[in-house]
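Okay, so here's the structure we're looking at.
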Amino acid sequence: MKNCPCGMEKPYEECCGPFIKGEVLPQTPEALMRSRYSAFTKVEVGYILNTVHPDKREQHHEKTIQNWAKNSEWIDLKILNTEKGGPEDTEGQVEFVVQYYQKGKRKTHHELAQFKKFEDKWYFYDGEAPQQEQIVRTSPKVGRNDSCPCNSGKKYKKCCGR
């Protein structure tokens, strides 16, 4: 039997299927995130809309979700990090990356997703792209024709800069 699209090593019927069918509720934001990804792969638009927080639901449109889900070839979900989202929490965060093809081009969607509990049920609340860390050089840049910093006496391009 094939593993669940969410990446867990369990069959869909034992993993995300019961959530999407409404048989049980996801108990963590990560479980909800995984089931929402599986719902995208299966074009289960009703589940995707029903797991959006009621305060945010009007911002999500059935046709848009259906087009994205149907017109994408879903490849992979990777959960990078989770924060909060335990039994006593009312908020949680999941950082994830999704790989998919759309119109023959490979795409990546990297998001920090916010989840909130409402009436003891987890919902997707909002998402944003994570902040990119700026890399600051601590030493001067070495030019191709500068002497190599390893003190070999050669130009950088002929030594360590290859």
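Identifiers for the structure tokens are assigned positionally: chains receive A, B, ... in sequence, residues are indexed from 1 per chain, and ligands are indexed from 1 in the order shown.
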
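Residues with any atom within 12 Å of region 8-10 of chain A, counting only C-alpha atoms and excluding same-chain neighbours fewer than 4 positions away, are Met1, Lys2, Asn3, Cys4, Glu14, Cys15, Cys16, Gly17, Glu30, Ala31, Arg34, Ser35, Tyr37, Ser38, Asp76, Leu77, Lys78 and Ile79 of chain A.
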
- Task: Extract, using only C-alpha atoms, all DNA, RNA and protein residues at most 8 Å from Gly92 (chain A), discarding same-chain residues fewer than 6 positions from it, and format them as a VMD selection string.
- Result: chain A and resid 29 82 to 86 114 to 116

What are the closest atom pairs, with distances in Å to one decimal, for each residue of region 63-88 of chain A lying within 7 Å of region 39-43 of chain A, using only C-alpha atoms, rows by chain and rising residue number, as CSV?
residue,atom,partner,partner_atom,distance
A:Gln66,CA,A:Val43,CA,6.5
A:Ala69,CA,A:Phe40,CA,5.0
A:Lys70,CA,A:Val43,CA,6.0
A:Trp74,CA,A:Thr41,CA,5.9

Residues from the last selection, all heavy atoms, saved as a PDB file, in the first residue's frame:
ATOM      1  N   GLN A  66      -9.290  25.271  -5.642  1.00  0.00           N
ATOM      2  CA  GLN A  66      -9.503  24.149  -6.547  1.00  0.00           C
ATOM      3  C   GLN A  66      -8.554  24.223  -7.745  1.00  0.00           C
ATOM      4  O   GLN A  66      -7.965  23.205  -8.129  1.00  0.00           O
ATOM      5  CB  GLN A  66     -10.953  24.122  -7.025  1.00  0.00           C
ATOM      6  CG  GLN A  66     -11.260  22.893  -7.860  1.00  0.00           C
ATOM      7  CD  GLN A  66     -12.735  22.761  -8.138  1.00  0.00           C
ATOM      8  OE1 GLN A  66     -13.491  23.729  -8.032  1.00  0.00           O
ATOM      9  NE2 GLN A  66     -13.158  21.577  -8.485  1.00  0.00           N
ATOM     10  N   ALA A  69      -4.969  23.357  -6.549  1.00  0.00           N
ATOM     11  CA  ALA A  69      -4.868  21.936  -6.213  1.00  0.00           C
ATOM     12  C   ALA A  69      -4.920  21.064  -7.460  1.00  0.00           C
ATOM     13  O   ALA A  69      -4.105  20.155  -7.633  1.00  0.00           O
ATOM     14  CB  ALA A  69      -5.985  21.554  -5.240  1.00  0.00           C
ATOM     15  N   LYS A  70      -5.861  21.334  -8.334  1.00  0.00           N
ATOM     16  CA  LYS A  70      -6.086  20.495  -9.514  1.00  0.00           C
ATOM     17  C   LYS A  70      -4.986  20.658 -10.560  1.00  0.00           C
ATOM     18  O   LYS A  70      -4.614  19.700 -11.229  1.00  0.00           O
ATOM     19  CB  LYS A  70      -7.438  20.841 -10.133  1.00  0.00           C
ATOM     20  CG  LYS A  70      -7.889  19.858 -11.203  1.00  0.00           C
ATOM     21  CD  LYS A  70      -9.170  20.309 -11.881  1.00  0.00           C
ATOM     22  CE  LYS A  70     -10.353  19.990 -11.018  1.00  0.00           C
ATOM     23  NZ  LYS A  70     -11.638  20.272 -11.684  1.00  0.00           N
ATOM     24  N   TRP A  74       1.727  17.533  -7.131  1.00  0.00           N
ATOM     25  CA  TRP A  74       2.319  17.664  -5.798  1.00  0.00           C
ATOM     26  C   TRP A  74       3.423  16.642  -5.621  1.00  0.00           C
ATOM     27  O   TRP A  74       3.227  15.451  -5.841  1.00  0.00           O
ATOM     28  CB  TRP A  74       1.230  17.528  -4.745  1.00  0.00           C
ATOM     29  CG  TRP A  74       0.173  18.556  -4.958  1.00  0.00           C
ATOM     30  CD1 TRP A  74      -0.999  18.408  -5.638  1.00  0.00           C
ATOM     31  CD2 TRP A  74       0.230  19.922  -4.566  1.00  0.00           C
ATOM     32  NE1 TRP A  74      -1.686  19.595  -5.683  1.00  0.00           N
ATOM     33  CE2 TRP A  74      -0.954  20.542  -5.022  1.00  0.00           C
ATOM     34  CE3 TRP A  74       1.152  20.680  -3.862  1.00  0.00           C
ATOM     35  CZ2 TRP A  74      -1.228  21.887  -4.801  1.00  0.00           C
ATOM     36  CZ3 TRP A  74       0.873  22.017  -3.640  1.00  0.00           C
ATOM     37  CH2 TRP A  74      -0.301  22.596  -4.101  1.00  0.00           C
TER      38      TRP A  74
END

Which neighbours of region 127-139 of chain A fall inside 12 Å, counting only C-alpha atoms, when residues of the same chain fewer than 5 positions from it are skipped, and could you give them as a short mmCIF file (atom, residue, chain, number, x, y, z; two decimals) with N, CA and C atoms, in the first residue's frame?
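Generated output (out_25.cif):
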data_model
loop_
_atom_site.label_atom_id
_atom_site.label_comp_id
_atom_site.auth_asym_id
_atom_site.auth_seq_id
_atom_site.Cartn_x
_atom_site.Cartn_y
_atom_site.Cartn_z
N MET A 33 -1.56 20.56 9.34
CA MET A 33 -0.80 20.98 8.16
C MET A 33 -0.61 19.81 7.21
N VAL A 52 -9.82 26.29 7.61
CA VAL A 52 -9.39 27.68 7.75
C VAL A 52 -10.18 28.28 8.91
N LYS A 56 -10.98 33.98 9.20
CA LYS A 56 -10.20 34.18 7.98
C LYS A 56 -10.82 33.54 6.74
N LEU A 80 9.79 21.77 8.47
CA LEU A 80 11.11 22.23 8.91
C LEU A 80 11.15 22.51 10.41
N ASN A 81 10.04 23.02 10.95
CA ASN A 81 10.03 23.39 12.35
C ASN A 81 8.59 23.55 12.83
N GLY A 92 -0.17 27.85 17.46
CA GLY A 92 0.98 27.07 17.06
C GLY A 92 1.48 27.56 15.71
N GLN A 93 2.70 27.15 15.38
CA GLN A 93 3.31 27.56 14.12
C GLN A 93 3.99 26.36 13.49
N VAL A 94 3.88 26.26 12.17
CA VAL A 94 4.55 25.21 11.42
C VAL A 94 5.28 25.86 10.25
N GLU A 95 6.58 25.64 10.17
CA GLU A 95 7.34 26.08 9.01
C GLU A 95 7.50 24.89 8.09
N PHE A 96 7.14 25.07 6.83
CA PHE A 96 7.17 23.94 5.90
C PHE A 96 7.59 24.40 4.51
N VAL A 97 7.99 23.41 3.71
CA VAL A 97 8.32 23.63 2.30
C VAL A 97 7.58 22.59 1.49
N THR A 108 8.57 25.89 -5.60
CA THR A 108 8.75 25.69 -4.17
C THR A 108 7.90 26.71 -3.43
N HIS A 109 7.18 26.24 -2.42
CA HIS A 109 6.39 27.13 -1.56
C HIS A 109 6.90 26.95 -0.13
N HIS A 110 7.53 27.99 0.42
CA HIS A 110 8.09 27.96 1.78
C HIS A 110 7.26 28.91 2.62
N GLU A 111 6.73 28.41 3.73
CA GLU A 111 5.79 29.21 4.51
C GLU A 111 5.95 28.99 6.01
N LEU A 112 5.68 30.05 6.77
CA LEU A 112 5.49 29.97 8.22
C LEU A 112 3.98 30.06 8.43
N ALA A 113 3.36 28.97 8.77
CA ALA A 113 1.91 28.93 8.91
C ALA A 113 1.52 29.07 10.37
N GLN A 114 0.55 29.94 10.62
CA GLN A 114 0.03 30.17 11.97
C GLN A 114 -1.27 29.39 12.13
N PHE A 115 -1.43 28.74 13.27
CA PHE A 115 -2.63 27.96 13.57
C PHE A 115 -3.20 28.45 14.89
N LYS A 116 -4.52 28.43 14.98
CA LYS A 116 -5.19 28.82 16.22
C LYS A 116 -6.28 27.81 16.53
N PRO A 149 44.55 34.22 0.17
CA PRO A 149 44.67 34.41 1.62
C PRO A 149 45.34 33.23 2.34
#

- Item | Residue among A:Asn151, A:Lys21, A:Asn50, A:Thr90 lying closest to Phe118 (chain A), counting only C-alpha atoms |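 Among A:Asn151, A:Lys21, A:Asn50, A:Thr90, it is A:Thr90 that comes nearest to Phe118 (chain A).
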
Please report, as a PDB file with N, CA, C and O atoms, in the first residue's frame, each residue of region 26-64 of chain A to which DSSP assigns alpha helix (DSSP H) when run on this structure's backbone.
ATOM      1  N   PRO A  29      -1.130  21.338  15.294  1.00  0.00           N
ATOM      2  CA  PRO A  29      -1.013  22.092  14.049  1.00  0.00           C
ATOM      3  C   PRO A  29      -0.249  21.317  12.966  1.00  0.00           C
ATOM      4  O   PRO A  29      -0.608  21.386  11.794  1.00  0.00           O
ATOM      5  N   GLU A  30       0.769  20.552  13.362  1.00  0.00           N
ATOM      6  CA  GLU A  30       1.516  19.779  12.361  1.00  0.00           C
ATOM      7  C   GLU A  30       0.620  18.739  11.699  1.00  0.00           C
ATOM      8  O   GLU A  30       0.640  18.582  10.474  1.00  0.00           O
ATOM      9  N   ALA A  31      -0.189  18.039  12.491  1.00  0.00           N
ATOM     10  CA  ALA A  31      -1.104  17.044  11.912  1.00  0.00           C
ATOM     11  C   ALA A  31      -2.102  17.725  10.980  1.00  0.00           C
ATOM     12  O   ALA A  31      -2.427  17.198   9.905  1.00  0.00           O
ATOM     13  N   LEU A  32      -2.585  18.910  11.364  1.00  0.00           N
ATOM     14  CA  LEU A  32      -3.505  19.649  10.501  1.00  0.00           C
ATOM     15  C   LEU A  32      -2.797  20.082   9.218  1.00  0.00           C
ATOM     16  O   LEU A  32      -3.346  19.959   8.129  1.00  0.00           O
ATOM     17  N   MET A  33      -1.558  20.560   9.340  1.00  0.00           N
ATOM     18  CA  MET A  33      -0.798  20.978   8.163  1.00  0.00           C
ATOM     19  C   MET A  33      -0.612  19.809   7.205  1.00  0.00           C
ATOM     20  O   MET A  33      -0.810  19.942   5.995  1.00  0.00           O
ATOM     21  N   ARG A  34      -0.219  18.665   7.739  1.00  0.00           N
ATOM     22  CA  ARG A  34      -0.024  17.477   6.905  1.00  0.00           C
ATOM     23  C   ARG A  34      -1.326  17.069   6.212  1.00  0.00           C
ATOM     24  O   ARG A  34      -1.335  16.745   5.025  1.00  0.00           O
ATOM     25  N   SER A  35      -2.433  17.108   6.938  1.00  0.00           N
ATOM     26  CA  SER A  35      -3.713  16.714   6.339  1.00  0.00           C
ATOM     27  C   SER A  35      -4.165  17.726   5.283  1.00  0.00           C
ATOM     28  O   SER A  35      -4.757  17.347   4.270  1.00  0.00           O
ATOM     29  N   ARG A  36      -3.872  18.991   5.498  1.00  0.00           N
ATOM     30  CA  ARG A  36      -4.219  20.002   4.490  1.00  0.00           C
ATOM     31  C   ARG A  36      -3.407  19.787   3.222  1.00  0.00           C
ATOM     32  O   ARG A  36      -3.933  19.893   2.114  1.00  0.00           O
ATOM     33  N   TYR A  37      -2.123  19.459   3.371  1.00  0.00           N
ATOM     34  CA  TYR A  37      -1.306  19.150   2.192  1.00  0.00           C
ATOM     35  C   TYR A  37      -1.895  17.944   1.454  1.00  0.00           C
ATOM     36  O   TYR A  37      -2.049  17.972   0.224  1.00  0.00           O
ATOM     37  N   SER A  38      -2.226  16.891   2.193  1.00  0.00           N
ATOM     38  CA  SER A  38      -2.829  15.710   1.564  1.00  0.00           C
ATOM     39  C   SER A  38      -4.128  16.078   0.863  1.00  0.00           C
ATOM     40  O   SER A  38      -4.421  15.566  -0.223  1.00  0.00           O
ATOM     41  N   ALA A  39      -4.908  16.970   1.465  1.00  0.00           N
ATOM     42  CA  ALA A  39      -6.160  17.408   0.844  1.00  0.00           C
ATOM     43  C   ALA A  39      -5.887  18.136  -0.474  1.00  0.00           C
ATOM     44  O   ALA A  39      -6.638  17.975  -1.437  1.00  0.00           O
ATOM     45  N   PHE A  40      -4.807  18.925  -0.530  1.00  0.00           N
ATOM     46  CA  PHE A  40      -4.446  19.562  -1.794  1.00  0.00           C
ATOM     47  C   PHE A  40      -4.115  18.503  -2.843  1.00  0.00           C
ATOM     48  O   PHE A  40      -4.546  18.614  -3.991  1.00  0.00           O
ATOM     49  N   THR A  41      -3.366  17.478  -2.466  1.00  0.00           N
ATOM     50  CA  THR A  41      -2.992  16.448  -3.438  1.00  0.00           C
ATOM     51  C   THR A  41      -4.206  15.677  -3.931  1.00  0.00           C
ATOM     52  O   THR A  41      -4.205  15.164  -5.042  1.00  0.00           O
ATOM     53  N   VAL A  45     -11.234  20.178  -1.653  1.00  0.00           N
ATOM     54  CA  VAL A  45     -11.379  21.611  -1.410  1.00  0.00           C
ATOM     55  C   VAL A  45     -12.226  21.900  -0.171  1.00  0.00           C
ATOM     56  O   VAL A  45     -11.931  22.814   0.597  1.00  0.00           O
ATOM     57  N   GLY A  46     -13.274  21.117   0.051  1.00  0.00           N
ATOM     58  CA  GLY A  46     -14.138  21.332   1.222  1.00  0.00           C
ATOM     59  C   GLY A  46     -13.357  21.233   2.514  1.00  0.00           C
ATOM     60  O   GLY A  46     -13.524  22.062   3.420  1.00  0.00           O
ATOM     61  N   TYR A  47     -12.480  20.238   2.622  1.00  0.00           N
ATOM     62  CA  TYR A  47     -11.669  20.072   3.827  1.00  0.00           C
ATOM     63  C   TYR A  47     -10.729  21.270   3.995  1.00  0.00           C
ATOM     64  O   TYR A  47     -10.577  21.796   5.103  1.00  0.00           O
ATOM     65  N   ILE A  48     -10.111  21.683   2.911  1.00  0.00           N
ATOM     66  CA  ILE A  48      -9.179  22.810   2.983  1.00  0.00           C
ATOM     67  C   ILE A  48      -9.903  24.061   3.489  1.00  0.00           C
ATOM     68  O   ILE A  48      -9.424  24.736   4.398  1.00  0.00           O
ATOM     69  N   LEU A  49     -11.069  24.345   2.933  1.00  0.00           N
ATOM     70  CA  LEU A  49     -11.838  25.522   3.370  1.00  0.00           C
ATOM     71  C   LEU A  49     -12.329  25.377   4.811  1.00  0.00           C
ATOM     72  O   LEU A  49     -12.271  26.336   5.581  1.00  0.00           O
ATOM     73  N   ASN A  50     -12.784  24.197   5.183  1.00  0.00           N
ATOM     74  CA  ASN A  50     -13.322  23.977   6.532  1.00  0.00           C
ATOM     75  C   ASN A  50     -12.258  24.011   7.618  1.00  0.00           C
ATOM     76  O   ASN A  50     -12.595  24.146   8.797  1.00  0.00           O
ATOM     77  N   GLU A  62     -12.988  29.205  -2.979  1.00  0.00           N
ATOM     78  CA  GLU A  62     -13.074  27.812  -3.425  1.00  0.00           C
ATOM     79  C   GLU A  62     -12.452  27.606  -4.805  1.00  0.00           C
ATOM     80  O   GLU A  62     -11.671  26.679  -4.999  1.00  0.00           O
ATOM     81  N   LYS A  63     -12.770  28.464  -5.743  1.00  0.00           N
ATOM     82  CA  LYS A  63     -12.255  28.308  -7.118  1.00  0.00           C
ATOM     83  C   LYS A  63     -10.725  28.429  -7.156  1.00  0.00           C
ATOM     84  O   LYS A  63     -10.057  27.675  -7.860  1.00  0.00           O
ATOM     85  N   THR A  64     -10.181  29.372  -6.417  1.00  0.00           N
ATOM     86  CA  THR A  64      -8.730  29.562  -6.388  1.00  0.00           C
ATOM     87  C   THR A  64      -8.041  28.319  -5.825  1.00  0.00           C
ATOM     88  O   THR A  64      -7.054  27.834  -6.387  1.00  0.00           O
TER      89      THR A  64
END

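With distances restricted to only C-alpha atoms, A:Phe124 is the closest residue to Thr28 (chain A) from A:Trp68, A:Tyr12, A:Phe124, A:Tyr100.
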
Name all residues at most 12 Å from Arg162 (chain A) (count only C-alpha atoms; drop same-chain ones fewer than 3 positions away) and give them as a compact mmCIF listing (two decimals) with N, CA and C atoms, in the first residue's frame.
# COMPACT_ATOMS: atom_id res chain seq x y z
N ARG A 144 39.60 37.85 -7.77
CA ARG A 144 40.21 36.73 -8.49
C ARG A 144 41.73 36.91 -8.67
N ASN A 145 42.17 38.15 -8.88
CA ASN A 145 43.59 38.40 -9.14
C ASN A 145 44.38 38.82 -7.90
N CYS A 148 46.30 34.92 -2.85
CA CYS A 148 45.44 34.00 -2.11
C CYS A 148 45.66 34.17 -0.61
N LYS A 154 50.31 32.37 -4.71
CA LYS A 154 49.60 32.32 -6.00
C LYS A 154 48.43 33.30 -5.97
N LYS A 155 47.93 33.62 -7.19
CA LYS A 155 46.71 34.39 -7.26
C LYS A 155 45.55 33.51 -6.76
N TYR A 156 44.54 34.17 -6.20
CA TYR A 156 43.38 33.46 -5.64
C TYR A 156 42.72 32.56 -6.69
N LYS A 157 42.61 33.04 -7.94
CA LYS A 157 41.93 32.25 -8.99
C LYS A 157 42.71 31.00 -9.35
N LYS A 158 44.01 30.96 -9.09
CA LYS A 158 44.83 29.79 -9.41
C LYS A 158 45.03 28.87 -8.20
N CYS A 159 44.47 29.28 -7.06
CA CYS A 159 44.69 28.50 -5.82
C CYS A 159 43.34 28.09 -5.22

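One finds CA of Cys6 (chain A) at 20.2 Å from CA of Lys121 (chain A).
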
- Query: Between CA of Ile65 (chain A) and CA of Asp120 (chain A), what is the spacing in Å?
  - Reply: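 Taking CA of Asp120 (chain A) and CA of Ile65 (chain A), their separation equals 25.5 Å.
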